[in-house]
Amino acid sequence: MLQSIALMLLLGMALGWLCKKVRLPGLVGMIATGMILGPYGLGWLDSSILDISSQLRRIALIIILLRAGLSLNLEDLKKAGRPAILMCFVPACFEVTGMIILAPILLGVSRLDAAIMGAVVGAVSPAVIVPRMIKLTEEGWGTKKSIPQLILAGASVDDVFVIVLFSAFTGIALGDGVSAASFVKVPFSVLFGGVAGFAVGYVLSLYFERVHIRDTAKVMILLSISFLLVTAEDRFGETVPFSGLLAVMGMGIALKRKRAVVAVRLSSKFNKLWVMAEIMLFVLVGATVDLHYAASAGIAAVVLILGVLIFRMAGVWCCMLGTNLNKKERIFCMFAYMPKATVQAAIGGMPLAMGLSCGNIVLTVAVLSILITAPLGAFLIDATYRKLL
């Protein structure tokens, strides 16, 4: 395991640096590292690392969402208003619809298989989007119209909605059917997650005000409580709908609101933690990529992914209707809502594990969506924000 971690960090940093030198996002090099070292490449990653890969990726997500919460101003989020709510589900609905229309034509799959595929591909990646939106917020790009906050809010809830859709469609495919209750859970999951996170953050702000401890200890407390919130979703999510990742972000927002000075210092600490977490996250995402499956799908799968991206961008444009954003700012929002990585890596192989006939093609399209949209979306955000915002 130690050798695997060393190889991941050293090669991940080296390839990330090389990509930045040729003006590509560093995460491209990190994903490439995972593909080289992973089980479908050289096979140099120890099975002990791969066995806990999903948990390590989750820890990295928790770190970046905590950092996002500590950087997010609630007043700015309120200013985003209606478009922020629409961004949580409208683009994903457009993309799933696009998949249901295009996949049967291009890949010859059934409408239900296309719906499952759309639910896998439909989520954006907080791991790609959140650090970039935090950077824009810190540098003041687009903040007058709350554009980074708008994208942050949508990207954080979008995953919850898409995973519910995935559960519903796979339930139908397995013959379990689907109930209206599973969709009703979505708003309650968002509400309970947000309220729980705010409550915990408020209590912690009072504790940090009265008990003086080092910032490093505060970071450890925040991380530990975040792990408990996320595992609470696993344990009680079936009976009480609850978004653990949203609760983590809500905790950071509450701390920012009540103890802004402390939040700034803690955000700086999490910024340093993210340096290592980012490498681990994207290397492990890359390790899930099976290029054999990606190559077997051919041009049709690539055309499909680009086609449903157009549907997604149309969904983002619809969310912006009636706002004070100009044409350039709306185009930036469309670019910023493209990257996919973490959810696709997490659930892309599940239909295959469930024994569904569409398992292989869903995994293939999930892999290709990571390879195409994560670098492309990250590149477009980095290359255009100075011109469009």
# chains A, B, ... in the order shown; residues from 1 in each chain; ligands from 1
$ residues_around --residues "Val303 of chain A" --least-positions-apart "3" --cutoff "12 Å" --atoms "only C-alpha atoms" --output "ChimeraX atom specification"
/A:99,102-103,105-107,297-300,306-310,365,368-369,372
$ write_last_selection --atoms "N, CA and C atoms" --output "JSON list (two decimals), in the first residue's frame"
[["chain", "number", "residue", "atom", "x", "y", "z"],
["A", 99, "MET", "N", -30.38, 11.48, -23.66],
["A", 99, "MET", "CA", -29.88, 10.10, -23.72],
["A", 99, "MET", "C", -30.99, 9.14, -24.17],
["A", 102, "LEU", "N", -31.34, 9.78, -27.99],
["A", 102, "LEU", "CA", -30.20, 9.51, -28.87],
["A", 102, "LEU", "C", -29.61, 8.09, -28.73],
["A", 103, "ALA", "N", -29.55, 7.55, -27.51],
["A", 103, "ALA", "CA", -28.87, 6.26, -27.30],
["A", 103, "ALA", "C", -29.50, 5.11, -28.09],
["A", 105, "ILE", "N", -30.90, 5.26, -30.94],
["A", 105, "ILE", "CA", -30.55, 5.47, -32.35],
["A", 105, "ILE", "C", -29.07, 5.13, -32.60],
["A", 106, "LEU", "N", -28.18, 5.62, -31.71],
["A", 106, "LEU", "CA", -26.74, 5.48, -31.94],
["A", 106, "LEU", "C", -26.18, 4.14, -31.47],
["A", 107, "LEU", "N", -26.72, 3.59, -30.37],
["A", 107, "LEU", "CA", -26.17, 2.36, -29.80],
["A", 107, "LEU", "C", -27.12, 1.17, -29.86],
["A", 297, "ALA", "N", -16.58, 0.74, -27.75],
["A", 297, "ALA", "CA", -17.82, 1.47, -28.05],
["A", 297, "ALA", "C", -17.72, 2.23, -29.36],
["A", 298, "GLY", "N", -16.51, 2.63, -29.72],
["A", 298, "GLY", "CA", -16.30, 3.31, -30.98],
["A", 298, "GLY", "C", -16.80, 4.74, -31.01],
["A", 299, "ILE", "N", -16.90, 5.26, -32.23],
["A", 299, "ILE", "CA", -17.25, 6.66, -32.46],
["A", 299, "ILE", "C", -18.68, 6.96, -32.01],
["A", 300, "ALA", "N", -19.58, 5.97, -32.11],
["A", 300, "ALA", "CA", -21.00, 6.20, -31.78],
["A", 300, "ALA", "C", -21.16, 6.68, -30.34],
["A", 306, "LEU", "N", -21.23, 13.70, -26.72],
["A", 306, "LEU", "CA", -21.23, 15.09, -27.18],
["A", 306, "LEU", "C", -22.66, 15.57, -27.45],
["A", 307, "GLY", "N", -23.51, 14.66, -27.94],
["A", 307, "GLY", "CA", -24.91, 15.00, -28.21],
["A", 307, "GLY", "C", -25.68, 15.32, -26.95],
["A", 308, "VAL", "N", -25.51, 14.48, -25.91],
["A", 308, "VAL", "CA", -26.26, 14.74, -24.67],
["A", 308, "VAL", "C", -25.70, 15.96, -23.94],
["A", 309, "LEU", "N", -24.42, 16.29, -24.19],
["A", 309, "LEU", "CA", -23.86, 17.53, -23.62],
["A", 309, "LEU", "C", -24.58, 18.76, -24.17],
["A", 310, "ILE", "N", -24.97, 18.69, -25.44],
["A", 310, "ILE", "CA", -25.73, 19.80, -26.04],
["A", 310, "ILE", "C", -27.08, 19.94, -25.34],
["A", 365, "VAL", "N", -19.86, 3.94, -21.58],
["A", 365, "VAL", "CA", -20.25, 5.34, -21.76],
["A", 365, "VAL", "C", -19.83, 6.17, -20.54],
["A", 368, "LEU", "N", -16.09, 6.84, -20.91],
["A", 368, "LEU", "CA", -15.85, 7.84, -21.96],
["A", 368, "LEU", "C", -16.28, 9.23, -21.52],
["A", 369, "SER", "N", -17.38, 9.31, -20.75],
["A", 369, "SER", "CA", -17.84, 10.62, -20.29],
["A", 369, "SER", "C", -16.81, 11.27, -19.37],
["A", 372, "ILE", "N", -13.78, 12.39, -21.65],
["A", 372, "ILE", "CA", -14.07, 13.52, -22.55],
["A", 372, "ILE", "C", -14.40, 14.79, -21.77]]
$ residues_around --residues "Ser357 of chain A" --least-positions-apart "5" --cutoff "10 Å" --atoms "only C-alpha atoms" --output "count of residues only"
6
$ residues_around --residues "segment 312-318 of chain A" --least-positions-apart "5" --cutoff "8 Å" --atoms "only C-alpha atoms" --output "list in words"
Met87, Val90, Pro91, Ala92, Cys93, Phe94, Glu95, Arg330, Ile331, Cys333, Met334, Phe335, Tyr337 and Met338 of chain A
$ select_by_dssp --residues "segment 27-75 of chain A" --states "helix (DSSP H, G or I)" --output "ChimeraX atom specification"
/A:27-37,47-51,53-71,74-75
$ atom_distance --atom1 "atom CA of Gly140 of chain A" --atom2 "atom CA of Met276 of chain A"
25.6 Å
$ residues_around --residues "Met249 of chain A" --least-positions-apart "4" --cutoff "9 Å" --atoms "only C-alpha atoms" --output "ChimeraX atom specification"
/A:62,65-70,156,194,197-198,244-245,253-254
$ residues_around --residues "Cys88 of chain A" --least-positions-apart "3" --cutoff "6 Å" --atoms "only C-alpha atoms" --output "mmCIF file with all heavy atoms, in the first residue's frame"
data_model
loop_
_atom_site.group_PDB
_atom_site.id
_atom_site.type_symbol
_atom_site.label_atom_id
_atom_site.label_comp_id
_atom_site.auth_asym_id
_atom_site.auth_seq_id
_atom_site.Cartn_x
_atom_site.Cartn_y
_atom_site.Cartn_z
ATOM 1 N N ILE A 85 -31.749 26.958 -7.757
ATOM 2 C CA ILE A 85 -32.647 25.816 -7.509
ATOM 3 C C ILE A 85 -32.835 25.020 -8.800
ATOM 4 O O ILE A 85 -32.759 23.790 -8.811
ATOM 5 C CB ILE A 85 -34.001 26.304 -6.953
ATOM 6 C CG1 ILE A 85 -33.800 26.967 -5.592
ATOM 7 C CG2 ILE A 85 -34.997 25.148 -6.845
ATOM 8 C CD1 ILE A 85 -35.012 27.709 -5.070
ATOM 9 N N GLY A 154 -25.755 24.394 -7.392
ATOM 10 C CA GLY A 154 -26.330 23.394 -8.280
ATOM 11 C C GLY A 154 -25.527 22.112 -8.315
ATOM 12 O O GLY A 154 -26.087 21.010 -8.241
ATOM 13 N N VAL A 157 -26.108 19.695 -5.275
ATOM 14 C CA VAL A 157 -27.394 19.005 -5.103
ATOM 15 C C VAL A 157 -27.698 18.106 -6.299
ATOM 16 O O VAL A 157 -28.375 17.084 -6.164
ATOM 17 C CB VAL A 157 -28.541 20.031 -4.913
ATOM 18 C CG1 VAL A 157 -29.880 19.343 -4.736
ATOM 19 C CG2 VAL A 157 -28.250 20.927 -3.719
ATOM 20 N N ASP A 158 -27.193 18.463 -7.455
ATOM 21 C CA ASP A 158 -27.412 17.733 -8.706
ATOM 22 C C ASP A 158 -27.173 16.223 -8.538
ATOM 23 O O ASP A 158 -27.955 15.401 -9.004
ATOM 24 C CB ASP A 158 -26.449 18.346 -9.739
ATOM 25 C CG ASP A 158 -26.296 17.541 -11.009
ATOM 26 O OD1 ASP A 158 -25.479 16.597 -11.009
ATOM 27 O OD2 ASP A 158 -26.951 17.867 -11.982
#
$ closest_residue --among "A:Val22, A:Gly359, A:His212, A:Ala287" --to "Trp44 of chain A" --atoms "only C-alpha atoms"
A:Ala287
$ closest_residue --among "A:Leu389, A:Val190, A:Leu204, A:Arg265" --to "Lys144 of chain A" --atoms "only C-alpha atoms"
A:Leu389
$ residues_around --residues "Ala345 of chain A" --least-positions-apart "5" --cutoff "9 Å" --atoms "only C-alpha atoms" --output "list in words"
Ser54, Leu284, Val285, Gly286, Thr288, Val289, Leu363, Ala366, Val367 and Ile370 of chain A
$ closest_residue --among "A:Leu72, A:Glu329, A:Leu223, A:Ile116" --to "Met133 of chain A" --atoms "only C-alpha atoms"
A:Leu72
$ closest_residue --among "A:Leu174, A:Leu325, A:Leu112, A:Leu11" --to "Gly26 of chain A" --atoms "only C-alpha atoms"
A:Leu11
$ residues_around --residues "Val262 of chain A" --least-positions-apart "3" --cutoff "9 Å" --atoms "only C-alpha atoms" --output "short mmCIF file (atom, residue, chain, number, x, y, z; two decimals) with all heavy atoms, in the first residue's frame"
data_model
loop_
_atom_site.label_atom_id
_atom_site.label_comp_id
_atom_site.auth_asym_id
_atom_site.auth_seq_id
_atom_site.Cartn_x
_atom_site.Cartn_y
_atom_site.Cartn_z
N SER A 205 -19.69 26.66 15.92
CA SER A 205 -19.26 28.06 15.99
C SER A 205 -19.28 28.57 17.43
O SER A 205 -18.39 29.30 17.86
CB SER A 205 -20.13 28.94 15.09
OG SER A 205 -21.44 29.03 15.60
N PHE A 208 -16.28 26.85 19.23
CA PHE A 208 -15.00 27.46 18.87
C PHE A 208 -14.85 28.87 19.47
O PHE A 208 -13.74 29.33 19.70
CB PHE A 208 -14.84 27.53 17.35
CG PHE A 208 -14.69 26.19 16.68
CD1 PHE A 208 -15.05 26.03 15.34
CD2 PHE A 208 -14.21 25.09 17.37
CE1 PHE A 208 -14.91 24.81 14.71
CE2 PHE A 208 -14.08 23.85 16.75
CZ PHE A 208 -14.43 23.72 15.41
N ASP A 215 -6.14 25.71 15.25
CA ASP A 215 -6.89 25.51 14.01
C ASP A 215 -6.76 24.09 13.48
O ASP A 215 -7.68 23.54 12.89
CB ASP A 215 -6.41 26.50 12.94
CG ASP A 215 -6.90 27.92 13.21
OD1 ASP A 215 -7.84 28.07 14.01
OD2 ASP A 215 -6.33 28.87 12.64
N LEU A 255 -20.61 27.92 9.68
CA LEU A 255 -19.40 28.42 10.34
C LEU A 255 -18.94 29.74 9.72
O LEU A 255 -18.53 30.66 10.41
CB LEU A 255 -18.28 27.38 10.22
CG LEU A 255 -18.10 26.42 11.40
CD1 LEU A 255 -17.08 25.35 11.05
CD2 LEU A 255 -17.65 27.17 12.66
N LYS A 256 -19.02 29.82 8.41
CA LYS A 256 -18.64 31.05 7.70
C LYS A 256 -19.54 32.22 8.14
O LYS A 256 -19.08 33.35 8.34
CB LYS A 256 -18.77 30.82 6.19
CG LYS A 256 -18.71 32.07 5.32
CD LYS A 256 -17.30 32.53 5.06
CE LYS A 256 -17.26 33.65 4.05
NZ LYS A 256 -15.91 34.19 3.84
N ARG A 259 -18.77 32.64 12.27
CA ARG A 259 -17.38 32.91 12.68
C ARG A 259 -16.53 33.09 11.42
O ARG A 259 -15.69 32.25 11.07
CB ARG A 259 -16.85 31.75 13.52
CG ARG A 259 -17.60 31.50 14.81
CD ARG A 259 -17.19 32.42 15.94
NE ARG A 259 -15.85 32.13 16.39
CZ ARG A 259 -15.05 32.98 17.03
NH1 ARG A 259 -15.46 34.22 17.24
NH2 ARG A 259 -13.86 32.62 17.43
N ARG A 265 -9.45 31.15 8.06
CA ARG A 265 -8.24 30.40 8.46
C ARG A 265 -8.40 28.90 8.18
O ARG A 265 -7.48 28.25 7.68
CB ARG A 265 -7.93 30.62 9.95
CG ARG A 265 -7.59 32.05 10.32
CD ARG A 265 -6.78 32.11 11.62
NE ARG A 265 -7.41 31.38 12.70
CZ ARG A 265 -8.24 31.89 13.60
NH1 ARG A 265 -8.57 33.17 13.53
NH2 ARG A 265 -8.76 31.15 14.56
N LEU A 266 -9.58 28.37 8.49
CA LEU A 266 -9.82 26.94 8.27
C LEU A 266 -9.85 26.61 6.78
O LEU A 266 -9.38 25.55 6.37
CB LEU A 266 -11.14 26.51 8.93
CG LEU A 266 -11.16 26.55 10.46
CD1 LEU A 266 -12.53 26.13 10.98
CD2 LEU A 266 -10.08 25.65 11.06
N SER A 267 -10.41 27.51 5.98
CA SER A 267 -10.44 27.31 4.53
C SER A 267 -9.02 27.19 3.98
O SER A 267 -8.74 26.37 3.10
CB SER A 267 -11.16 28.48 3.86
OG SER A 267 -11.20 28.30 2.47
#
$ atom_distance --atom1 "atom CA of Ala341 of chain A" --atom2 "atom CA of Leu2 of chain A"
25.3 Å
$ closest_residue --among "A:Pro131, A:Gly252, A:Gly41, A:Gly12" --to "Leu152 of chain A" --atoms "only C-alpha atoms"
A:Pro131
$ closest_residue --among "A:Ile221, A:Ile305, A:Cys19, A:Ile63" --to "Ser268 of chain A" --atoms "only C-alpha atoms"
A:Ile63
